[in-house]
Amino acid sequence: MNKQPIGMFDSGVGGLTVFSEVIKCLPNEDIIYLGDTKNFPYGSKSKEAIIELSKKCVDFLISKNVKLIIIACGTATSQSLEELRKIYNIPIIGIIEPTIEYLKKKDVKNVGIIATQGTIKSNSWENNIKKSMKNVNVYNKACSLLAPMAEEGWVNNDVAYYTIKEYMKDFNNIDTLILGCTHYPLFKDLIKEELGENVDIVNTGEKLAKYLKKYLTKNNIENVNKEPKYNLYLTDTECNFINVANKLIQNNKIEKISKVNF
Ligand code: DGL
């Protein structure tokens with residue numbers, strides 16, 4: 001058993017889709033969540049910039065005495081995870097490996113990936129899929145408007161409906177769609193409506209939560225807290241984060257949301 005909290009970071013509200021899956025799966029863990037809202041969006045930044053920002057996030061979370069770090073962000077997973085693992089000793093888990101574990105167990109032939117521009121440019125998803133699975137066709141699409149819309153709370157209005165419709169129109173033949181940016185599960189219902197029931201829409205946070213549970217058990221570092229504490233930190237509070245967070249996490253366990261200076 002290990003009573004230290006789990007650390008998590010993203011550029012904003014996207015990582016809360018991971019957070020909400022983790023607390024469902026692991027209801028006894030304390031969590032420290034960092035939203036780097038001052039530097040949102042991550043999706044249009046260079047790899048070098050993402051590595052620098054990710055290092056700051058990791059340093060902050062380590063200063064809060066976390067036992068492990070979750071990169072609750074597709075862009076940071078695809079561009080900085082490798083580098084971070086070279087620098088830090090603490091276990092760091094991103095959203096790609098847990099999702100590949102899931103895909104390997106099912107019969108996938110045509111997989112679509114939607115993510116930020118940076119993630120798609122990095123080719124991380126496609127490389128990882130092709131490394132571990134044979135005869136899979138991969139179709140990539142950057143959906144740059146979705147994360148800013150999610151930050152604005154525009155996830156189920158007309159603008160969201162037509163934007164999703166436009167982004168989904170090339171995906172005629174896929175059996176699986178990976179939501180490669182953690183902001184995108186907020187649009188899951190609209191995406192499902194557009195692609196139909198037969199396409200498996202993969203919420204990476206859900207796969208990460210299951211993977212994390214196994215990881216904690218295997219390494220004997222899970223917590224058995226009866227009253228877990230959730231502390232959220234933002235690098236800028238002049239944003240819509242709190243409104244969106246309140247809709248997403250409907251419980252009263254958030255101790256507080258504090259501003260942190262980067
Ligand atoms: N939620 C993030 C991701 O998974 C970042 C989106 C952004 O900051 O552009 O890629």
# chains A, B, ... in the order shown; residues from 1 in each chain; ligands from 1
>>> residues_near_ligand(ligand="ligand 1", cutoff="7 Å", atoms="only C-alpha atoms and all ligand atoms", output="list in words")
Asp10, Ser11, Gly12, Gly14, Gly15, Phe40, Pro41, Tyr42, Gly43, Ser44, Ala72, Cys73, Gly74, Thr75, Ala76, Ala115, Thr116, Thr119, Ala147, Gly180, Cys181, Thr182 and His183 of chain A
>>> select_by_dssp(residues="region 36-249 of chain A", states="strand (DSSP E or B)", output="PyMOL selection string")
chain A and resi 68-71+92-93+110-115+137-142+176-179+200-203+230-234
>>> write_last_selection(atoms="N, CA and C atoms", output="PDB file, in the first residue's frame")
ATOM      1  N   LEU A  68       3.136   8.617  -8.550  1.00  0.00           N
ATOM      2  CA  LEU A  68       3.114   8.242  -9.965  1.00  0.00           C
ATOM      3  C   LEU A  68       2.475   9.383 -10.754  1.00  0.00           C
ATOM      4  N   ILE A  69       2.845   9.500 -12.024  1.00  0.00           N
ATOM      5  CA  ILE A  69       2.283  10.602 -12.822  1.00  0.00           C
ATOM      6  C   ILE A  69       1.534  10.071 -14.041  1.00  0.00           C
ATOM      7  N   ILE A  70       0.319  10.572 -14.215  1.00  0.00           N
ATOM      8  CA  ILE A  70      -0.484  10.259 -15.387  1.00  0.00           C
ATOM      9  C   ILE A  70      -0.421  11.459 -16.325  1.00  0.00           C
ATOM     10  N   ILE A  71      -0.026  11.227 -17.566  1.00  0.00           N
ATOM     11  CA  ILE A  71      -0.121  12.307 -18.550  1.00  0.00           C
ATOM     12  C   ILE A  71      -1.522  12.213 -19.138  1.00  0.00           C
ATOM     13  N   ILE A  92       5.718   7.034 -15.001  1.00  0.00           N
ATOM     14  CA  ILE A  92       4.905   7.977 -15.781  1.00  0.00           C
ATOM     15  C   ILE A  92       4.099   7.176 -16.803  1.00  0.00           C
ATOM     16  N   ILE A  93       2.784   7.368 -16.777  1.00  0.00           N
ATOM     17  CA  ILE A  93       1.906   6.615 -17.684  1.00  0.00           C
ATOM     18  C   ILE A  93       1.141   7.599 -18.566  1.00  0.00           C
ATOM     19  N   ASN A 110      -9.658  -1.442 -39.386  1.00  0.00           N
ATOM     20  CA  ASN A 110      -9.572  -0.061 -39.876  1.00  0.00           C
ATOM     21  C   ASN A 110      -9.798   0.892 -38.706  1.00  0.00           C
ATOM     22  N   VAL A 111      -8.710   1.524 -38.299  1.00  0.00           N
ATOM     23  CA  VAL A 111      -8.835   2.370 -37.121  1.00  0.00           C
ATOM     24  C   VAL A 111      -8.626   3.853 -37.473  1.00  0.00           C
ATOM     25  N   GLY A 112      -9.517   4.694 -37.005  1.00  0.00           N
ATOM     26  CA  GLY A 112      -9.387   6.129 -37.185  1.00  0.00           C
ATOM     27  C   GLY A 112      -8.802   6.734 -35.909  1.00  0.00           C
ATOM     28  N   ILE A 113      -7.991   7.763 -36.089  1.00  0.00           N
ATOM     29  CA  ILE A 113      -7.455   8.468 -34.916  1.00  0.00           C
ATOM     30  C   ILE A 113      -7.770   9.943 -35.084  1.00  0.00           C
ATOM     31  N   ILE A 114      -8.423  10.521 -34.104  1.00  0.00           N
ATOM     32  CA  ILE A 114      -8.598  11.972 -34.132  1.00  0.00           C
ATOM     33  C   ILE A 114      -7.841  12.542 -32.929  1.00  0.00           C
ATOM     34  N   ALA A 115      -7.135  13.628 -33.177  1.00  0.00           N
ATOM     35  CA  ALA A 115      -6.312  14.208 -32.109  1.00  0.00           C
ATOM     36  C   ALA A 115      -5.911  15.624 -32.506  1.00  0.00           C
ATOM     37  N   ASN A 137      -5.209  -0.895 -40.924  1.00  0.00           N
ATOM     38  CA  ASN A 137      -5.144   0.373 -41.653  1.00  0.00           C
ATOM     39  C   ASN A 137      -5.437   1.506 -40.682  1.00  0.00           C
ATOM     40  N   VAL A 138      -4.607   2.547 -40.750  1.00  0.00           N
ATOM     41  CA  VAL A 138      -4.781   3.667 -39.815  1.00  0.00           C
ATOM     42  C   VAL A 138      -5.119   4.948 -40.589  1.00  0.00           C
ATOM     43  N   TYR A 139      -6.152   5.626 -40.148  1.00  0.00           N
ATOM     44  CA  TYR A 139      -6.568   6.883 -40.781  1.00  0.00           C
ATOM     45  C   TYR A 139      -6.498   8.000 -39.738  1.00  0.00           C
ATOM     46  N   ASN A 140      -5.646   8.992 -40.003  1.00  0.00           N
ATOM     47  CA  ASN A 140      -5.426  10.075 -39.022  1.00  0.00           C
ATOM     48  C   ASN A 140      -6.180  11.338 -39.397  1.00  0.00           C
ATOM     49  N   LYS A 141      -6.663  12.033 -38.395  1.00  0.00           N
ATOM     50  CA  LYS A 141      -7.256  13.339 -38.684  1.00  0.00           C
ATOM     51  C   LYS A 141      -7.042  14.299 -37.500  1.00  0.00           C
ATOM     52  N   ALA A 142      -6.430  15.436 -37.804  1.00  0.00           N
ATOM     53  CA  ALA A 142      -6.291  16.463 -36.760  1.00  0.00           C
ATOM     54  C   ALA A 142      -7.612  17.232 -36.682  1.00  0.00           C
ATOM     55  N   THR A 176     -13.134   1.242 -35.634  1.00  0.00           N
ATOM     56  CA  THR A 176     -12.729   1.782 -34.323  1.00  0.00           C
ATOM     57  C   THR A 176     -12.284   3.231 -34.495  1.00  0.00           C
ATOM     58  N   LEU A 177     -12.674   4.087 -33.569  1.00  0.00           N
ATOM     59  CA  LEU A 177     -12.182   5.469 -33.592  1.00  0.00           C
ATOM     60  C   LEU A 177     -11.555   5.783 -32.234  1.00  0.00           C
ATOM     61  N   ILE A 178     -10.275   6.134 -32.272  1.00  0.00           N
ATOM     62  CA  ILE A 178      -9.596   6.492 -31.017  1.00  0.00           C
ATOM     63  C   ILE A 178      -9.722   7.998 -30.789  1.00  0.00           C
ATOM     64  N   LEU A 179     -10.207   8.358 -29.622  1.00  0.00           N
ATOM     65  CA  LEU A 179     -10.268   9.776 -29.248  1.00  0.00           C
ATOM     66  C   LEU A 179      -8.889  10.122 -28.672  1.00  0.00           C
ATOM     67  N   ASP A 200     -16.555   1.343 -32.698  1.00  0.00           N
ATOM     68  CA  ASP A 200     -16.140   1.383 -31.292  1.00  0.00           C
ATOM     69  C   ASP A 200     -15.394   2.703 -31.050  1.00  0.00           C
ATOM     70  N   ILE A 201     -15.997   3.585 -30.273  1.00  0.00           N
ATOM     71  CA  ILE A 201     -15.365   4.877 -30.006  1.00  0.00           C
ATOM     72  C   ILE A 201     -14.588   4.764 -28.698  1.00  0.00           C
ATOM     73  N   VAL A 202     -13.266   4.874 -28.824  1.00  0.00           N
ATOM     74  CA  VAL A 202     -12.423   4.541 -27.668  1.00  0.00           C
ATOM     75  C   VAL A 202     -12.063   5.783 -26.853  1.00  0.00           C
ATOM     76  N   ASN A 203     -12.559   5.779 -25.618  1.00  0.00           N
ATOM     77  CA  ASN A 203     -12.205   6.821 -24.657  1.00  0.00           C
ATOM     78  C   ASN A 203     -10.913   6.378 -23.965  1.00  0.00           C
ATOM     79  N   TYR A 230      -9.240  15.304  -3.523  1.00  0.00           N
ATOM     80  CA  TYR A 230      -8.890  15.728  -4.873  1.00  0.00           C
ATOM     81  C   TYR A 230      -8.505  17.200  -4.841  1.00  0.00           C
ATOM     82  N   ASN A 231      -7.248  17.488  -5.146  1.00  0.00           N
ATOM     83  CA  ASN A 231      -6.795  18.879  -5.191  1.00  0.00           C
ATOM     84  C   ASN A 231      -6.455  19.265  -6.614  1.00  0.00           C
ATOM     85  N   LEU A 232      -7.072  20.337  -7.085  1.00  0.00           N
ATOM     86  CA  LEU A 232      -6.855  20.791  -8.455  1.00  0.00           C
ATOM     87  C   LEU A 232      -6.058  22.088  -8.464  1.00  0.00           C
ATOM     88  N   TYR A 233      -5.119  22.170  -9.374  1.00  0.00           N
ATOM     89  CA  TYR A 233      -4.297  23.373  -9.525  1.00  0.00           C
ATOM     90  C   TYR A 233      -4.354  23.845 -10.964  1.00  0.00           C
ATOM     91  N   LEU A 234      -4.416  25.162 -11.153  1.00  0.00           N
ATOM     92  CA  LEU A 234      -4.419  25.744 -12.496  1.00  0.00           C
ATOM     93  C   LEU A 234      -3.291  26.760 -12.591  1.00  0.00           C
TER      94      LEU A 234
END
>>> closest_residue(among="A:Lys226, A:Lys105, A:Lys259, A:Lys207", to="Asp36 (chain A)", atoms="only C-alpha atoms")
A:Lys259
>>> residues_around(residues="Ile51 (chain A)", least_positions_apart="3", cutoff="10 Å", atoms="only C-alpha atoms", output="PyMOL selection string")
chain A and resi 46-48+54-57+76-77+79-84
>>> atom_distance(atom1="CA of Tyr184 (chain A)", atom2="CA of Leu146 (chain A)")
6.9 Å
>>> closest_atom_pairs(of="region 50-139 of chain A", to="region 23-35 of chain A", cutoff="8 Å", atoms="only C-alpha atoms", output="Markdown table")
| residue | atom | partner | partner_atom | distance |
| --- | --- | --- | --- | --- |
| A:Cys57 | CA | A:Leu34 | CA | 7.2 |
| A:Leu61 | CA | A:Ile32 | CA | 7.4 |
| A:Lys64 | CA | A:Ile32 | CA | 7.8 |
| A:Val66 | CA | A:Ile32 | CA | 7.7 |
>>> select_by_dssp(residues="region 44-238 of chain A", states="helix (DSSP H, G or I)", output="number ranges by chain")
A: 47-63, 74-87, 96-104, 117-122, 124-132, 146-151, 158-168, 184-195, 204-218
>>> residues_around(residues="region 164-170 of chain A", least_positions_apart="3", cutoff="12 Å", atoms="only C-alpha atoms", output="PDB file with C-alpha atoms, in the first residue's frame")
ATOM      1  CA  GLY A 112      -9.387   6.129 -37.185  1.00  0.00           C
ATOM      2  CA  ILE A 113      -7.455   8.468 -34.916  1.00  0.00           C
ATOM      3  CA  ILE A 114      -8.598  11.972 -34.132  1.00  0.00           C
ATOM      4  CA  ALA A 115      -6.312  14.208 -32.109  1.00  0.00           C
ATOM      5  CA  TYR A 139      -6.568   6.883 -40.781  1.00  0.00           C
ATOM      6  CA  ASN A 140      -5.426  10.075 -39.022  1.00  0.00           C
ATOM      7  CA  LYS A 141      -7.256  13.339 -38.684  1.00  0.00           C
ATOM      8  CA  ALA A 142      -6.291  16.463 -36.760  1.00  0.00           C
ATOM      9  CA  CYS A 143      -9.394  18.123 -35.288  1.00  0.00           C
ATOM     10  CA  SER A 144      -7.842  21.375 -34.105  1.00  0.00           C
ATOM     11  CA  LEU A 145     -11.089  23.163 -33.261  1.00  0.00           C
ATOM     12  CA  LEU A 146     -12.401  20.640 -30.753  1.00  0.00           C
ATOM     13  CA  MET A 149     -14.492  24.424 -28.106  1.00  0.00           C
ATOM     14  CA  TRP A 154     -19.304  24.203 -26.413  1.00  0.00           C
ATOM     15  CA  VAL A 155     -19.744  20.449 -26.493  1.00  0.00           C
ATOM     16  CA  ASN A 156     -23.398  20.006 -27.362  1.00  0.00           C
ATOM     17  CA  ASN A 157     -24.594  23.097 -29.210  1.00  0.00           C
ATOM     18  CA  ASP A 158     -25.151  23.623 -32.962  1.00  0.00           C
ATOM     19  CA  VAL A 159     -21.549  24.641 -33.545  1.00  0.00           C
ATOM     20  CA  ALA A 160     -20.378  21.379 -31.973  1.00  0.00           C
ATOM     21  CA  TYR A 161     -22.879  19.377 -34.031  1.00  0.00           C
ATOM     22  CA  ASN A 173     -15.077   2.602 -43.336  1.00  0.00           C
ATOM     23  CA  ILE A 174     -13.659   2.382 -39.850  1.00  0.00           C
ATOM     24  CA  LEU A 177     -12.182   5.469 -33.592  1.00  0.00           C
ATOM     25  CA  TYR A 184     -12.685  14.716 -27.182  1.00  0.00           C
ATOM     26  CA  LEU A 186     -16.790  15.490 -24.213  1.00  0.00           C
ATOM     27  CA  PHE A 187     -18.089  15.146 -27.800  1.00  0.00           C
ATOM     28  CA  LYS A 188     -18.605  11.382 -27.615  1.00  0.00           C
ATOM     29  CA  ASP A 189     -22.394  11.460 -27.980  1.00  0.00           C
ATOM     30  CA  LEU A 190     -22.253  13.648 -31.106  1.00  0.00           C
ATOM     31  CA  ILE A 191     -19.514  11.479 -32.609  1.00  0.00           C
ATOM     32  CA  LYS A 192     -21.540   8.336 -31.928  1.00  0.00           C
ATOM     33  CA  GLU A 193     -24.576   9.904 -33.565  1.00  0.00           C
ATOM     34  CA  GLU A 194     -22.507  10.640 -36.660  1.00  0.00           C
ATOM     35  CA  LEU A 195     -20.632   7.321 -36.944  1.00  0.00           C
ATOM     36  CA  GLY A 196     -23.347   4.969 -35.760  1.00  0.00           C
ATOM     37  CA  VAL A 199     -17.957   1.934 -34.588  1.00  0.00           C
TER      38      VAL A 199
END
>>> residues_around(residues="Ser124 (chain A)", least_positions_apart="3", cutoff="9 Å", atoms="only C-alpha atoms", output="PyMOL selection string")
chain A and resi 77-79+96+119-121+127-129
>>> closest_residue(among="A:Ile90, A:Glu255, A:Ile6, A:Val260", to="Lys213 (chain A)", atoms="only C-alpha atoms")
A:Ile6
>>> closest_residue(among="A:Leu216, A:Gly118, A:Pro185, A:Val136", to="Thr204 (chain A)", atoms="only C-alpha atoms")
A:Pro185
>>> atom_distance(atom1="CA of Ile221 (chain A)", atom2="CA of Lys67 (chain A)")
8.3 Å
>>> closest_residue(among="A:Phe9, A:Lys130, A:Glu101, A:Gly153", to="Asn246 (chain A)", atoms="only C-alpha atoms")
A:Gly153
